[in-house]
Structures are given as C-alpha cells and as structure tokens.
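Encoded as structure tokens, the structure appears first; notes follow it.
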Amino acid sequence: ETGVTQSPTHLIKTRGQQVTLRCSSQSGHNTVSWYQQALGQGPQFIFQYYREEENGRGNFPPRFSGLQFPNYSSELNVNALELDDSALYLCASSLGAASPYEQYFGPGTRLTVT
Amino acid sequence: AQSVTQPDIHITVSEGASLELRCNYSYGATPYLFWYVQSPGQGLQLLLKYFSGDTLVQGIKGFEAEFKRSQSSFNLRKPSVHWSDAAEYFCAVVPIKAAGNKLTFGGGTRVLVKP
C-alpha cells in the first residue's frame, strides 16, 4: 500500500509568482485535504476535495485554488505569491469526507517565497 | 470562540521519565479528539483518537490520552520517554456537528529529550 506522496519536496519562488503543488492520495482514498503550516504553528485547513468537488474551505483567499483528478490525486495552486505564503504545505487523504474517516498525511512541500 | 489550546510550547524531559502534554478545547459539544506527532522534516502521524466511550485511549508508540469532559481536556501521556520521542505534538479536533472530517489543530508542543 503506497502512502500519501507530495511533490516537490522544496520550492523557492519569488513574490508575485504562481506555484502548483501536487499530492497523490493513498490507494483507495477519495478525499484529499490541504493544510498550511507556518513556521512554529499548527496546520491550518485550506480546503478539501471529495470525488473531484470542493468540499469545504478554510479562511484562505481565492488565490488559493485546487483540483482533484479522477484518480483522486490533487493539486494546490497559489497565485500572486506573498511572503506570508512561505510555509509547509501538507496534503492528507482519507477514505471519505465524513468524521470517522482518519486522515493520512504526506511529508509536505516546503515553500519559500522571497 | 471555538479553539484548541496547547498551553506548553516547549517541554524538556529526561529519557526514561514520564511525559504529559496538555490540550484544552473550547467547543459547545465535545468534538472528536486527536493527537498527532510530527518528526523533523516529516508529515503528521496519528497517535490516537477519541470519538466516544472509554475515556482512556491507547495509541501507538506507547502513548495514551485521557478525555476529561469536566475540564474540556484531552491530555497525552507516556510513562517512559525514549530519545526517539523528541518531536512536535499536535492536538486536533473535528467538531461533532461539522460536515466532514476537517481538522482544527492546536499550536503544538515541542518535546526535547535529554539523555
């Protein structure tokens, strides 16, 4: 069974640029959630995708957007990067979007905006 | 306001000593409760979870947590710490009435283990 994978591991971008982060969910999982973890803080929920549809969004501006593909892998896109977007971006997958379903996290993508 | 609080930012403990990490939540109804561990440069691993029933929950790596409704707390414990337990620990919740399993995390407690 393959776990949750994310790419790239690290990324350096300039303010104003756009970035795409990728996540492959664990086998059999149809739900992907994205979290932003700033340095020294707990992760914050960005949004969730369930069967290719957005299924809830946290307090993040529209320049944070996402996609989920038929194989349930997912992308997080961030436009017009700001310095405060520097963070570890975590992807988590689960068997479903309901409460009992445990989320399995990937190792994250470290984004640095200069 | 709904929140999850981990009062201790850092804890230093000697190897072999016991460890207790505090977590308090502020929600109208008891949420689903979780503890995650994050080792340096890695993602989050679930240690244990509480949905209902027995208030003492056993998890992986020798950890346990006790739910106390009267104190709105879900503290994590380990009787004897190993050097490999040095990591950051996060308490997280999913409100019972929430639509879905989106996690809200506390700020984390970093655990340092002295030899």
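Naming scheme: A, B, ... for chains in displayed order of the structure tokens; residues 1 onward per chain; ligands 1 onward as shown.
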Discussion item. Distance limit 6 Å, atoms considered: only C-alpha atoms. Which chain B residues sit that close to chain A? Return them as a PyMOL selection string.
Written reply: chain B and resi 42-44+100-101+105-108
*asked:* Would you compute the distance between atom CA of Val81 of chain B and atom CA of Gly59 of chain B? Give it in Å to one decimal.
replied: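 Atom-to-atom, atom CA of Val81 of chain B and atom CA of Gly59 of chain B are spaced 14.5 Å apart.
Atom to atom, atom CA of Leu95 of chain A and atom CA of Gly28 of chain A stand 6.7 Å apart.
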Original post:
What residues in chain A get the DSSP label strand (DSSP E or B)? Please answer as an MDAnalysis selection string.
Top reply: chainID A and resid 5:7 10:13 19:24 31:37 44:50 53:57 64:68 74:78 87:94 104:105 109:113
Among B:Lys68, B:Lys114, B:Lys49, B:Lys102, Ser84 of chain B is approached most closely, using only C-alpha atoms, by B:Lys114
Quiz item: If you count only C-alpha atoms, which residues fall within 12 Å of Asp54 of chain B, apart from same-chain ones fewer than 6 positions away, as an MDAnalysis selection string?
Solution: chainID B and resid 64:69
With distances taken over only C-alpha atoms, which residue among B:Trp83, B:Tyr36, B:Phe63, B:Phe74 lies nearest Thr5 of chain B?
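Nearest candidate to Thr5 of chain B out of B:Trp83, B:Tyr36, B:Phe63, B:Phe74: B:Phe74.
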